[in-house]
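Undergrad: File name protein-v4.cif; file contents mmCIF, C-alpha atoms; full text below.
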data_run
#
loop_
_atom_site.group_PDB
_atom_site.id
_atom_site.type_symbol
_atom_site.label_atom_id
_atom_site.label_comp_id
_atom_site.auth_asym_id
_atom_site.auth_seq_id
_atom_site.Cartn_x
_atom_site.Cartn_y
_atom_site.Cartn_z
ATOM 1 C CA MET A 23 48.408 38.764 71.402
ATOM 2 C CA GLU A 24 50.946 41.296 72.367
ATOM 3 C CA THR A 25 50.283 43.577 75.299
ATOM 4 C CA SER A 26 51.867 46.979 75.166
ATOM 5 C CA THR A 27 52.704 48.625 78.439
ATOM 6 C CA ASN A 28 53.550 52.224 78.947
ATOM 7 C CA GLN A 29 56.751 52.511 80.882
ATOM 8 C CA THR A 30 57.478 55.798 82.575
ATOM 9 C CA VAL A 31 61.131 56.611 82.522
ATOM 10 C CA GLN A 32 62.176 58.852 85.390
ATOM 11 C CA LEU A 33 65.308 60.810 84.863
ATOM 12 C CA ALA A 34 67.574 61.037 87.856
ATOM 13 C CA PRO A 35 68.138 64.612 89.015
ATOM 14 C CA PRO A 36 71.521 65.958 87.983
ATOM 15 C CA LYS A 37 74.150 65.656 90.631
ATOM 16 C CA LYS A 38 75.093 68.904 92.265
ATOM 17 C CA LYS A 39 78.639 69.793 91.417
ATOM 18 C CA SER A 40 80.770 69.849 94.535
ATOM 19 C CA LEU A 41 82.726 73.002 95.201
ATOM 20 C CA SER A 42 86.494 73.013 95.358
ATOM 21 C CA GLN A 43 88.376 74.167 98.431
ATOM 22 C CA TRP A 44 88.746 77.617 96.898
ATOM 23 C CA GLY A 45 85.074 77.708 95.969
ATOM 24 C CA ILE A 46 84.043 76.836 99.523
ATOM 25 C CA ALA A 47 86.435 79.437 100.925
ATOM 26 C CA ARG A 48 85.101 82.095 98.565
ATOM 27 C CA LYS A 49 81.520 81.283 99.565
ATOM 28 C CA LYS A 50 82.370 81.505 103.274
ATOM 29 C CA PHE A 51 84.219 84.785 102.817
ATOM 30 C CA VAL A 52 81.364 86.419 100.885
ATOM 31 C CA ARG A 53 78.965 85.470 103.697
ATOM 32 C CA ASN A 54 81.247 87.082 106.271
ATOM 33 C CA ILE A 55 79.693 90.549 106.511
ATOM 34 C CA PRO A 56 82.467 92.266 108.544
ATOM 35 C CA ALA A 57 85.143 90.895 106.196
ATOM 36 C CA MET A 58 83.284 91.957 103.045
ATOM 37 C CA ALA A 59 82.509 95.422 104.447
ATOM 38 C CA SER A 60 86.183 95.782 105.392
ATOM 39 C CA LEU A 61 87.300 94.691 101.925
ATOM 40 C CA ILE A 62 85.051 97.310 100.318
ATOM 41 C CA PHE A 63 86.313 99.982 102.721
ATOM 42 C CA LEU A 64 89.961 99.113 102.032
ATOM 43 C CA PHE A 65 89.330 99.130 98.276
ATOM 44 C CA VAL A 66 87.687 102.582 98.464
ATOM 45 C CA VAL A 67 90.492 104.032 100.616
ATOM 46 C CA THR A 68 93.142 102.585 98.303
ATOM 47 C CA ALA A 69 91.378 103.794 95.148
ATOM 48 C CA LEU A 70 90.933 107.325 96.543
ATOM 49 C CA SER A 71 94.548 107.477 97.717
ATOM 50 C CA MET A 72 95.951 106.274 94.397
ATOM 51 C CA SER A 73 93.768 108.863 92.611
ATOM 52 C CA ALA A 74 94.962 111.748 94.819
ATOM 53 C CA SER A 75 96.351 113.783 91.930
ATOM 54 C CA LEU A 76 93.010 113.519 90.105
ATOM 55 C CA LEU A 77 90.839 114.349 93.120
ATOM 56 C CA SER A 78 92.788 117.357 94.369
ATOM 57 C CA ASP A 79 94.644 120.057 92.475
ATOM 58 C CA ILE A 80 96.338 121.377 95.638
ATOM 59 C CA ASP A 81 100.056 120.796 96.041
ATOM 60 C CA PRO A 82 100.418 118.798 99.285
ATOM 61 C CA SER A 83 103.905 120.177 99.942
ATOM 62 C CA ARG A 84 102.961 123.821 99.453
ATOM 63 C CA ILE A 85 102.996 125.908 102.642
ATOM 64 C CA ASN A 86 100.278 128.572 102.770
ATOM 65 C CA PRO A 87 100.674 131.041 105.697
ATOM 66 C CA ARG A 88 97.119 132.340 105.175
ATOM 67 C CA LEU A 89 95.619 128.931 105.963
ATOM 68 C CA VAL A 90 97.632 128.076 109.074
ATOM 69 C CA GLU A 91 95.426 126.064 111.464
ATOM 70 C CA VAL A 92 92.237 127.107 109.658
ATOM 71 C CA PRO A 93 89.273 125.089 111.048
ATOM 72 C CA PRO A 94 86.983 123.001 108.787
ATOM 73 C CA SER A 95 84.914 125.037 106.349
ATOM 74 C CA ALA A 96 83.040 124.697 103.072
ATOM 75 C CA GLU A 97 86.260 125.419 101.145
ATOM 76 C CA HIS A 98 88.493 123.183 103.275
ATOM 77 C CA TRP A 99 86.336 120.314 104.557
ATOM 78 C CA LEU A 100 88.768 119.217 107.269
ATOM 79 C CA GLY A 101 90.633 122.490 107.700
ATOM 80 C CA ALA A 102 94.381 122.994 107.386
ATOM 81 C CA ASP A 103 97.394 122.022 109.472
ATOM 82 C CA SER A 104 100.006 124.184 111.193
ATOM 83 C CA ALA A 105 101.780 124.713 107.850
ATOM 84 C CA GLY A 106 98.614 125.779 106.016
ATOM 85 C CA ARG A 107 98.251 122.533 104.054
ATOM 86 C CA ASP A 108 94.775 121.213 103.274
ATOM 87 C CA ILE A 109 94.012 118.187 105.482
ATOM 88 C CA VAL A 110 91.909 116.347 102.868
ATOM 89 C CA THR A 111 94.707 116.657 100.318
ATOM 90 C CA MET A 112 97.258 115.485 102.884
ATOM 91 C CA LEU A 113 95.082 112.469 103.727
ATOM 92 C CA LEU A 114 94.851 111.469 100.069
ATOM 93 C CA TYR A 115 98.554 111.866 99.309
ATOM 94 C CA GLY A 116 99.533 110.499 102.719
ATOM 95 C CA GLY A 117 97.380 107.434 102.149
ATOM 96 C CA ARG A 118 99.103 106.845 98.834
ATOM 97 C CA THR A 119 102.502 106.833 100.555
ATOM 98 C CA SER A 120 101.453 104.756 103.572
ATOM 99 C CA LEU A 121 99.556 102.177 101.527
ATOM 100 C CA LEU A 122 102.362 101.999 98.968
ATOM 101 C CA ILE A 123 104.808 101.213 101.764
ATOM 102 C CA GLY A 124 102.404 98.686 103.286
ATOM 103 C CA PHE A 125 101.685 96.806 100.060
ATOM 104 C CA SER A 126 105.306 96.932 98.877
ATOM 105 C CA CYS A 127 106.677 95.640 102.186
ATOM 106 C CA MET A 128 104.015 92.946 102.306
ATOM 107 C CA THR A 129 104.886 91.754 98.784
ATOM 108 C CA ILE A 130 108.630 91.612 99.454
ATOM 109 C CA ILE A 131 108.233 89.987 102.879
ATOM 110 C CA ILE A 132 105.787 87.310 101.748
ATOM 111 C CA SER A 133 108.009 86.522 98.729
ATOM 112 C CA ILE A 134 111.103 86.035 100.896
ATOM 113 C CA ALA A 135 109.148 84.087 103.512
ATOM 114 C CA THR A 136 107.563 81.818 100.893
ATOM 115 C CA ILE A 137 110.887 80.994 99.238
ATOM 116 C CA ILE A 138 112.754 80.289 102.476
ATOM 117 C CA GLY A 139 109.843 78.561 104.198
ATOM 118 C CA THR A 140 109.078 76.312 101.221
ATOM 119 C CA ILE A 141 112.695 75.262 100.603
ATOM 120 C CA SER A 142 113.338 74.703 104.302
ATOM 121 C CA GLY A 143 110.149 72.713 104.852
ATOM 122 C CA TYR A 144 110.523 70.597 101.719
ATOM 123 C CA TYR A 145 114.169 69.559 101.980
ATOM 124 C CA GLY A 146 114.475 69.371 105.776
ATOM 125 C CA ASN A 147 117.664 67.975 107.333
ATOM 126 C CA ILE A 148 120.764 70.129 106.815
ATOM 127 C CA VAL A 149 119.043 72.598 104.460
ATOM 128 C CA ASP A 150 116.351 73.190 107.062
ATOM 129 C CA SER A 151 118.933 73.604 109.819
ATOM 130 C CA ILE A 152 120.961 76.169 107.874
ATOM 131 C CA LEU A 153 117.945 78.237 106.821
ATOM 132 C CA MET A 154 116.342 78.156 110.270
ATOM 133 C CA ARG A 155 119.592 79.168 111.973
ATOM 134 C CA PHE A 156 119.796 82.081 109.537
ATOM 135 C CA THR A 157 116.183 82.915 110.385
ATOM 136 C CA ASP A 158 116.987 82.828 114.105
ATOM 137 C CA PHE A 159 119.964 85.113 113.459
ATOM 138 C CA MET A 160 117.722 87.654 111.699
ATOM 139 C CA MET A 161 115.152 87.463 114.500
ATOM 140 C CA ASN A 162 117.807 88.494 117.040
ATOM 141 C CA PHE A 163 118.102 91.971 115.532
ATOM 142 C CA PRO A 164 116.075 94.527 117.549
ATOM 143 C CA PHE A 165 113.703 95.728 114.829
ATOM 144 C CA LEU A 166 113.100 99.307 115.952
ATOM 145 C CA ILE A 167 116.718 100.110 116.816
ATOM 146 C CA PHE A 168 118.064 98.550 113.625
ATOM 147 C CA VAL A 169 115.574 100.395 111.415
ATOM 148 C CA ILE A 170 116.408 103.700 113.108
ATOM 149 C CA VAL A 171 120.150 103.117 112.645
ATOM 150 C CA LEU A 172 119.819 102.180 108.966
ATOM 151 C CA GLN A 173 117.489 105.089 108.286
ATOM 152 C CA ALA A 174 120.003 107.432 109.885
ATOM 153 C CA ILE A 175 122.733 106.019 107.614
ATOM 154 C CA PHE A 176 120.627 106.145 104.421
ATOM 155 C CA ILE A 177 118.807 109.349 105.316
ATOM 156 C CA ASP A 178 118.739 110.626 101.714
ATOM 157 C CA SER A 179 117.347 107.419 100.200
ATOM 158 C CA GLY A 180 113.728 108.242 101.055
ATOM 159 C CA VAL A 181 110.798 105.836 100.901
ATOM 160 C CA LEU A 182 112.640 103.114 98.957
ATOM 161 C CA ALA A 183 115.216 102.652 101.708
ATOM 162 C CA LEU A 184 112.461 102.457 104.329
ATOM 163 C CA ILE A 185 110.646 99.749 102.333
ATOM 164 C CA LEU A 186 113.810 97.662 101.904
ATOM 165 C CA VAL A 187 114.920 98.010 105.534
ATOM 166 C CA ILE A 188 111.517 97.059 106.966
ATOM 167 C CA SER A 189 111.113 94.175 104.509
ATOM 168 C CA LEU A 190 114.533 92.636 105.137
ATOM 169 C CA LEU A 191 113.905 92.581 108.893
ATOM 170 C CA SER A 192 110.287 91.362 108.973
ATOM 171 C CA TRP A 193 110.065 88.069 107.038
ATOM 172 C CA THR A 194 111.155 85.638 109.772
ATOM 173 C CA GLY A 195 107.799 84.986 111.440
ATOM 174 C CA ALA A 196 105.950 84.335 108.180
ATOM 175 C CA ALA A 197 108.767 82.054 106.979
ATOM 176 C CA ARG A 198 108.397 79.849 110.063
ATOM 177 C CA VAL A 199 104.629 79.578 109.612
ATOM 178 C CA ILE A 200 104.957 78.647 105.925
ATOM 179 C CA ARG A 201 107.744 76.154 106.709
ATOM 180 C CA SER A 202 105.579 74.294 109.226
ATOM 181 C CA LYS A 203 102.692 74.143 106.746
ATOM 182 C CA VAL A 204 104.977 72.828 103.972
ATOM 183 C CA MET A 205 106.435 70.159 106.282
ATOM 184 C CA SER A 206 102.903 68.954 107.009
ATOM 185 C CA GLU A 207 101.820 69.102 103.368
ATOM 186 C CA LYS A 208 104.782 67.178 101.929
ATOM 187 C CA GLU A 209 103.747 64.047 103.880
ATOM 188 C CA ASN A 210 100.533 63.709 101.872
ATOM 189 C CA GLU A 211 100.218 60.848 99.381
ATOM 190 C CA TYR A 212 100.007 62.993 96.251
ATOM 191 C CA VAL A 213 103.340 64.652 97.084
ATOM 192 C CA LEU A 214 105.002 61.319 97.921
ATOM 193 C CA SER A 215 103.677 59.889 94.651
ATOM 194 C CA ALA A 216 105.095 62.791 92.657
ATOM 195 C CA ILE A 217 108.469 62.339 94.347
ATOM 196 C CA SER A 218 108.457 58.568 93.782
ATOM 197 C CA ILE A 219 108.073 58.923 89.999
ATOM 198 C CA GLY A 220 111.069 61.254 89.824
ATOM 199 C CA THR A 221 109.390 64.659 89.585
ATOM 200 C CA ARG A 222 111.864 67.482 89.996
ATOM 201 C CA PRO A 223 111.821 69.100 93.471
ATOM 202 C CA SER A 224 111.131 72.537 91.996
ATOM 203 C CA LYS A 225 108.087 71.186 90.138
ATOM 204 C CA VAL A 226 106.813 69.388 93.252
ATOM 205 C CA MET A 227 107.074 72.575 95.295
ATOM 206 C CA ILE A 228 105.501 74.853 92.675
ATOM 207 C CA LYS A 229 102.814 72.551 91.280
ATOM 208 C CA HIS A 230 101.839 70.367 94.233
ATOM 209 C CA ILE A 231 102.785 72.040 97.518
ATOM 210 C CA LEU A 232 102.454 75.801 97.007
ATOM 211 C CA PRO A 233 98.829 75.714 95.747
ATOM 212 C CA ASN A 234 97.853 73.844 98.914
ATOM 213 C CA VAL A 235 99.631 76.232 101.289
ATOM 214 C CA MET A 236 98.379 79.326 99.460
ATOM 215 C CA SER A 237 95.628 79.821 102.046
ATOM 216 C CA THR A 238 98.261 80.174 104.782
ATOM 217 C CA ILE A 239 100.262 82.586 102.609
ATOM 218 C CA ILE A 240 97.181 84.757 101.959
ATOM 219 C CA VAL A 241 96.325 84.982 105.659
ATOM 220 C CA GLN A 242 99.924 85.868 106.517
ATOM 221 C CA ALA A 243 99.943 88.524 103.791
ATOM 222 C CA THR A 244 96.873 90.304 105.184
ATOM 223 C CA LEU A 245 98.286 90.329 108.704
ATOM 224 C CA LEU A 246 101.608 91.634 107.391
ATOM 225 C CA LEU A 247 99.886 94.460 105.512
ATOM 226 C CA ALA A 248 98.381 95.784 108.742
ATOM 227 C CA ALA A 249 101.694 95.392 110.586
ATOM 228 C CA MET A 250 103.619 97.278 107.900
ATOM 229 C CA ILE A 251 101.234 100.257 107.948
ATOM 230 C CA VAL A 252 101.567 100.370 111.736
ATOM 231 C CA ALA A 253 105.373 100.195 111.398
ATOM 232 C CA GLU A 254 105.432 103.099 108.928
ATOM 233 C CA THR A 255 103.156 105.166 111.163
ATOM 234 C CA GLY A 256 105.203 104.497 114.289
ATOM 235 C CA LEU A 257 108.561 105.170 112.648
ATOM 236 C CA SER A 258 107.321 108.360 110.981
ATOM 237 C CA TYR A 259 105.820 109.551 114.263
ATOM 238 C CA LEU A 260 109.231 109.084 115.887
ATOM 239 C CA GLY A 261 110.890 110.945 113.022
ATOM 240 C CA PHE A 262 112.713 107.936 111.523
ATOM 241 C CA GLY A 263 110.252 106.884 108.835
ATOM 242 C CA VAL A 264 109.118 108.692 105.712
ATOM 243 C CA PRO A 265 111.101 111.911 105.077
ATOM 244 C CA VAL A 266 109.391 114.956 106.568
ATOM 245 C CA GLY A 267 108.700 116.574 103.203
ATOM 246 C CA THR A 268 106.780 113.522 101.946
ATOM 247 C CA PRO A 269 103.090 113.296 102.959
ATOM 248 C CA SER A 270 102.128 110.161 104.889
ATOM 249 C CA TRP A 271 99.660 109.333 107.632
ATOM 250 C CA GLY A 272 102.528 108.861 110.057
ATOM 251 C CA ASN A 273 104.027 112.245 109.188
ATOM 252 C CA MET A 274 100.637 113.897 109.701
ATOM 253 C CA LEU A 275 100.517 112.544 113.241
ATOM 254 C CA GLN A 276 104.157 113.468 113.803
ATOM 255 C CA ALA A 277 103.422 117.080 112.821
ATOM 256 C CA ALA A 278 100.495 117.184 115.272
ATOM 257 C CA ARG A 279 102.164 115.784 118.376
ATOM 258 C CA ASP A 280 102.376 119.160 120.094
ATOM 259 C CA PRO A 281 100.198 119.130 123.280
ATOM 260 C CA GLY A 282 98.443 122.340 122.237
ATOM 261 C CA THR A 283 97.461 120.773 118.939
ATOM 262 C CA PHE A 284 95.946 117.739 120.652
ATOM 263 C CA GLU A 285 93.947 119.941 123.000
ATOM 264 C CA ASN A 286 92.656 122.620 120.655
ATOM 265 C CA LEU A 287 93.144 121.603 117.010
ATOM 266 C CA TRP A 288 91.347 118.263 116.704
ATOM 267 C CA TRP A 289 91.013 118.501 112.906
ATOM 268 C CA ILE A 290 94.800 118.190 112.486
ATOM 269 C CA TRP A 291 95.329 114.864 114.308
ATOM 270 C CA LEU A 292 91.898 113.203 114.451
ATOM 271 C CA PRO A 293 91.348 112.513 110.690
ATOM 272 C CA PRO A 294 94.687 110.720 110.107
ATOM 273 C CA GLY A 295 94.435 108.893 113.424
ATOM 274 C CA LEU A 296 90.888 107.753 112.667
ATOM 275 C CA LEU A 297 91.772 106.729 109.116
ATOM 276 C CA ILE A 298 94.779 104.703 110.283
ATOM 277 C CA THR A 299 92.663 102.975 112.925
ATOM 278 C CA LEU A 300 89.847 102.107 110.512
ATOM 279 C CA THR A 301 92.289 100.885 107.864
ATOM 280 C CA ILE A 302 94.100 98.618 110.326
ATOM 281 C CA LEU A 303 90.801 97.281 111.665
ATOM 282 C CA SER A 304 89.527 96.588 108.144
ATOM 283 C CA ILE A 305 92.704 94.678 107.241
ATOM 284 C CA ASN A 306 92.455 92.636 110.447
ATOM 285 C CA PHE A 307 88.798 91.807 109.697
ATOM 286 C CA ILE A 308 89.808 90.735 106.189
ATOM 287 C CA GLY A 309 92.569 88.544 107.636
ATOM 288 C CA GLU A 310 90.160 86.935 110.088
ATOM 289 C CA GLY A 311 87.701 86.422 107.247
ATOM 290 C CA PHE A 312 90.315 84.597 105.184
ATOM 291 C CA LYS A 313 91.333 82.530 108.199
ATOM 292 C CA ASP A 314 87.730 81.415 108.811
ATOM 293 C CA ALA A 315 87.123 80.837 105.106
ATOM 294 C CA PHE A 316 90.074 78.463 104.749
ATOM 295 C CA ASN A 317 89.399 76.709 108.072
ATOM 296 C CA PRO A 318 87.642 73.393 107.282
ATOM 297 C CA LYS A 319 86.103 73.318 110.782
ATOM 298 C CA SER A 320 84.456 76.709 110.325
ATOM 299 C CA LYS A 321 80.757 76.595 109.367
ATOM 300 C CA LYS A 322 80.271 80.303 108.649
#
Would it be possible to restate this file's structure as structure tokens?

TA:
Amino acid sequence: METSTNQTVQLAPPKKKSLSQWGIARKKFVRNIPAMASLIFLFVVTALSMSASLLSDIDPSRINPRLVEVPPSAEHWLGADSAGRDIVTMLLYGGRTSLLIGFSCMTIIISIATIIGTISGYYGNIVDSILMRFTDFMMNFPFLIFVIVLQAIFIDSGVLALILVISLLSWTGAARVIRSKVMSEKENEYVLSAISIGTRPSKVMIKHILPNVMSTIIVQATLLLAAMIVAETGLSYLGFGVPVGTPSWGNMLQAARDPGTFENLWWIWLPPGLLITLTILSINFIGEGFKDAFNPKSKK
């Protein structure tokens, strides 16, 4: 006699897929409220600035004597400056110039720093010595004085010359940070294994090392973006940055540095000053958010 038994088969619950390093970092960053709010703010400011010609039909370079120092009104929300130019229009076009300089300088700087830092950190020895001595040589130039001198020489070159001059003098710090990260990363087993089987150095750097130092590069890029906007503002305020006829946040402050303007005409200097401050703060919050997101010890 055969006895039949009912066997209950219990299916094991599916294993939860573990997140990659980038997935964990993305999850941490999204949970960081100040960083996310700052990212949204920066995106809105950038989008509005890049759409300046669509949002305003006023020529930002046109001088209107009838609107000189007009206070805020329904027609001109933030009034007009001492040349009769609409402040809102100047903010939009000025933001386009300042952000263009910031993003362009950041891209050039981080590219130079990544190339030099990666090659120096990977090869070491004499290659590292030569590149680091060159880096030290570039760091010895007084940034402000050198930029002022070059801008005085290439005074007719406009914004492009300013971008190139700032970029060529500002990559040294980021290159050192990336170099130290690459030197640490190349000692890992997966890199040593790739080298031992004869993988080309260029392929090792691009395929194995750079993806694992990308978090450091991203953090450096955000910090550089804030620094470049500050540099443009400071140089323009001193009269050695963006040409006077070109709208920028720095030029708006430079045009309002008269003591009487600061005392009585708040609508000329306060909007650009406040917008610069909020933009720099938002970029710094984003940078801190990336730093926490890629930090394995952070539990946020």

Undergrad: For Leu61 (chain A), which of A:Leu246, A:Ile46, A:Ile305, A:Val171 is the closest residue, counting all atoms listed in the file?

TA: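 With all atoms listed in the file as the atom set, the closest residue is A:Ile305.
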
Undergrad: Which is closest to Phe159 (chain A) among A:Phe312, A:Asn86, A:Thr194, A:Ser73, if we use only C-alpha atoms?

TA: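 For Phe159 (chain A), the nearest of the given residues is A:Thr194.
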
Undergrad: Report, in Å to a single decimal, how far apart CA of Ile228 (chain A) and CA of Thr136 (chain A) are.

TA: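 Here the two named atoms are 11.0 Å from each other.
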
Undergrad: Which distance in Å separates CA of Leu100 (chain A) and CA of Trp291 (chain A), to one decimal?

TA: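 Computed distance, CA of Leu100 (chain A) to CA of Trp291 (chain A), equals 10.6 Å.
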
Undergrad: Nearest to Thr238 (chain A): which of A:Leu121, A:Ala135, A:Leu300, A:Ala183 is it, counting all atoms listed in the file?

TA: A:Ala135

Undergrad: Identify which of the residues A:Gly106, A:Gly311, A:Pro164, A:Gly101 lies closest to Arg48 (chain A), counting all atoms listed in the file when measuring atom-to-atom distances.

TA: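 Nearest to Arg48 (chain A): A:Gly311.
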
Undergrad: Between CA of Met58 (chain A) and CA of Met274 (chain A), what is the distance in Å, rounded to a tenth?

TA: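 About the pair CA of Met58 (chain A) and CA of Met274 (chain A): they are 28.8 Å apart.
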
Undergrad: Using all atoms listed in the file, pick whichever of A:Gly282, A:Gly143, A:Gly117, A:Pro223 has the shortest atom-to-atom distance to Pro294 (chain A).

TA: A:Gly117

Undergrad: Kindly provide, as lines of an AutoDock Vina configuration file, the centre and edge lengths (Å, one decimal) of an axis-aligned box around all atoms of region 216-222 of chain A given in the file, with 6 Å on each side.

TA:
center_x = 108.5
center_y = 63.0
center_z = 92.0
size_x = 18.8
size_y = 20.9
size_z = 16.8

Undergrad: Ranking A:Pro93, A:Lys225, A:Ala253, A:Asp280 by minimum distance to Ile170 (chain A) and counting only C-alpha atoms, which one comes first?

TA: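 So, comparing all the options, the nearest one is A:Ala253.
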
Undergrad: Which residues fall under the PyMOL selection byres ((chain A and resi 259-267) around 7) in this file, as JSON, numbers by chain?

TA: {"A": [83, 170, 173, 180, 181, 184, 254, 255, 256, 257, 258, 268, 269, 272, 273, 275, 276]}

Undergrad: Neighbours of Gly309 (chain A) within 12 Å (all atoms listed in the file; same-chain residues fewer than 2 positions away dropped), as an MDAnalysis selection string?

TA: chainID A and resid 51 54 56:58 60:61 237:249 302:307 311:316

Undergrad: For Ser78 (chain A), find every residue with an atom within 12 Å (counting all atoms listed in the file), except residues of its own chain fewer than 2 positions away, and show them as a list of chain:residue names.

TA: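 Contacts, with the query itself left out: A:Leu70, A:Ser71, A:Met72, A:Ser73, A:Ala74, A:Ser75, A:Leu76, A:Ile80, A:Asp81, A:Pro82, A:His98, A:Asp108, A:Ile109, A:Val110, A:Thr111, A:Met112, A:Leu113, A:Leu114, A:Tyr115.
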
Undergrad: Just write the chosen residues, C-alpha atoms, as a PDB file, in the coordinates of the input.

TA:
ATOM      1  CA  LEU A  70      90.933 107.325  96.543  1.00  0.00           C
ATOM      2  CA  SER A  71      94.548 107.477  97.717  1.00  0.00           C
ATOM      3  CA  MET A  72      95.951 106.274  94.397  1.00  0.00           C
ATOM      4  CA  SER A  73      93.768 108.863  92.611  1.00  0.00           C
ATOM      5  CA  ALA A  74      94.962 111.748  94.819  1.00  0.00           C
ATOM      6  CA  SER A  75      96.351 113.783  91.930  1.00  0.00           C
ATOM      7  CA  LEU A  76      93.010 113.519  90.105  1.00  0.00           C
ATOM      8  CA  ILE A  80      96.338 121.377  95.638  1.00  0.00           C
ATOM      9  CA  ASP A  81     100.056 120.796  96.041  1.00  0.00           C
ATOM     10  CA  PRO A  82     100.418 118.798  99.285  1.00  0.00           C
ATOM     11  CA  HIS A  98      88.493 123.183 103.275  1.00  0.00           C
ATOM     12  CA  ASP A 108      94.775 121.213 103.274  1.00  0.00           C
ATOM     13  CA  ILE A 109      94.012 118.187 105.482  1.00  0.00           C
ATOM     14  CA  VAL A 110      91.909 116.347 102.868  1.00  0.00           C
ATOM     15  CA  THR A 111      94.707 116.657 100.318  1.00  0.00           C
ATOM     16  CA  MET A 112      97.258 115.485 102.884  1.00  0.00           C
ATOM     17  CA  LEU A 113      95.082 112.469 103.727  1.00  0.00           C
ATOM     18  CA  LEU A 114      94.851 111.469 100.069  1.00  0.00           C
ATOM     19  CA  TYR A 115      98.554 111.866  99.309  1.00  0.00           C
TER      20      TYR A 115
END

Undergrad: Determine, counting all atoms listed in the file, which protein, DNA and RNA residues have an atom within 9 Å of an atom of Val187 (chain A); residues of the same chain fewer than 4 positions away are not included. Present the result as a PyMOL selection string.

TA: chain A and resi 168-169+172-173+182-183+191-192

Undergrad: Could you write out that same residue set with C-alpha atoms as a compact mmCIF listing (two decimals), keeping the file's coordinate frame?

TA:
# COMPACT_ATOMS: atom_id res chain seq x y z
CA PHE A 168 118.06 98.55 113.62
CA VAL A 169 115.57 100.40 111.42
CA LEU A 172 119.82 102.18 108.97
CA GLN A 173 117.49 105.09 108.29
CA LEU A 182 112.64 103.11 98.96
CA ALA A 183 115.22 102.65 101.71
CA LEU A 191 113.90 92.58 108.89
CA SER A 192 110.29 91.36 108.97

Undergrad: Take the PyMOL selection byres ((chain A and resi 204) around 9), run it mentally on this structure, and tell me the resulting residues as number ranges by chain.

TA: A: 139-144, 199-203, 205-209, 227, 231-232, 234-235

Undergrad: Output requested as a compact mmCIF listing (two decimals), in the coordinates of the input - region 203-215 of chain A, filled out with N, CA and C atoms.

TA:
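The resulting part_26.txt:
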# COMPACT_ATOMS: atom_id res chain seq x y z
N LYS A 203 103.78 74.60 107.61
CA LYS A 203 102.69 74.14 106.75
C LYS A 203 103.23 73.26 105.62
N VAL A 204 104.37 73.62 105.05
CA VAL A 204 104.98 72.83 103.97
C VAL A 204 105.42 71.47 104.50
N MET A 205 106.00 71.42 105.69
CA MET A 205 106.44 70.16 106.28
C MET A 205 105.25 69.21 106.49
N SER A 206 104.10 69.78 106.86
CA SER A 206 102.90 68.95 107.01
C SER A 206 102.36 68.50 105.67
N GLU A 207 102.41 69.40 104.68
CA GLU A 207 101.82 69.10 103.37
C GLU A 207 102.64 68.08 102.59
N LYS A 208 103.95 68.07 102.74
CA LYS A 208 104.78 67.18 101.93
C LYS A 208 104.64 65.71 102.32
N GLU A 209 103.97 65.43 103.46
CA GLU A 209 103.75 64.05 103.88
C GLU A 209 102.50 63.44 103.26
N ASN A 210 101.74 64.23 102.51
CA ASN A 210 100.53 63.71 101.87
C ASN A 210 100.90 62.77 100.71
N GLU A 211 99.96 61.89 100.37
CA GLU A 211 100.22 60.85 99.38
C GLU A 211 100.51 61.41 97.99
N TYR A 212 99.80 62.47 97.61
CA TYR A 212 100.01 62.99 96.25
C TYR A 212 101.42 63.58 96.08
N VAL A 213 101.97 64.14 97.15
CA VAL A 213 103.34 64.65 97.08
C VAL A 213 104.33 63.50 97.05
N LEU A 214 104.11 62.48 97.91
CA LEU A 214 105.00 61.32 97.92
C LEU A 214 104.97 60.58 96.59
N SER A 215 103.79 60.55 95.97
CA SER A 215 103.68 59.89 94.65
C SER A 215 104.46 60.66 93.60
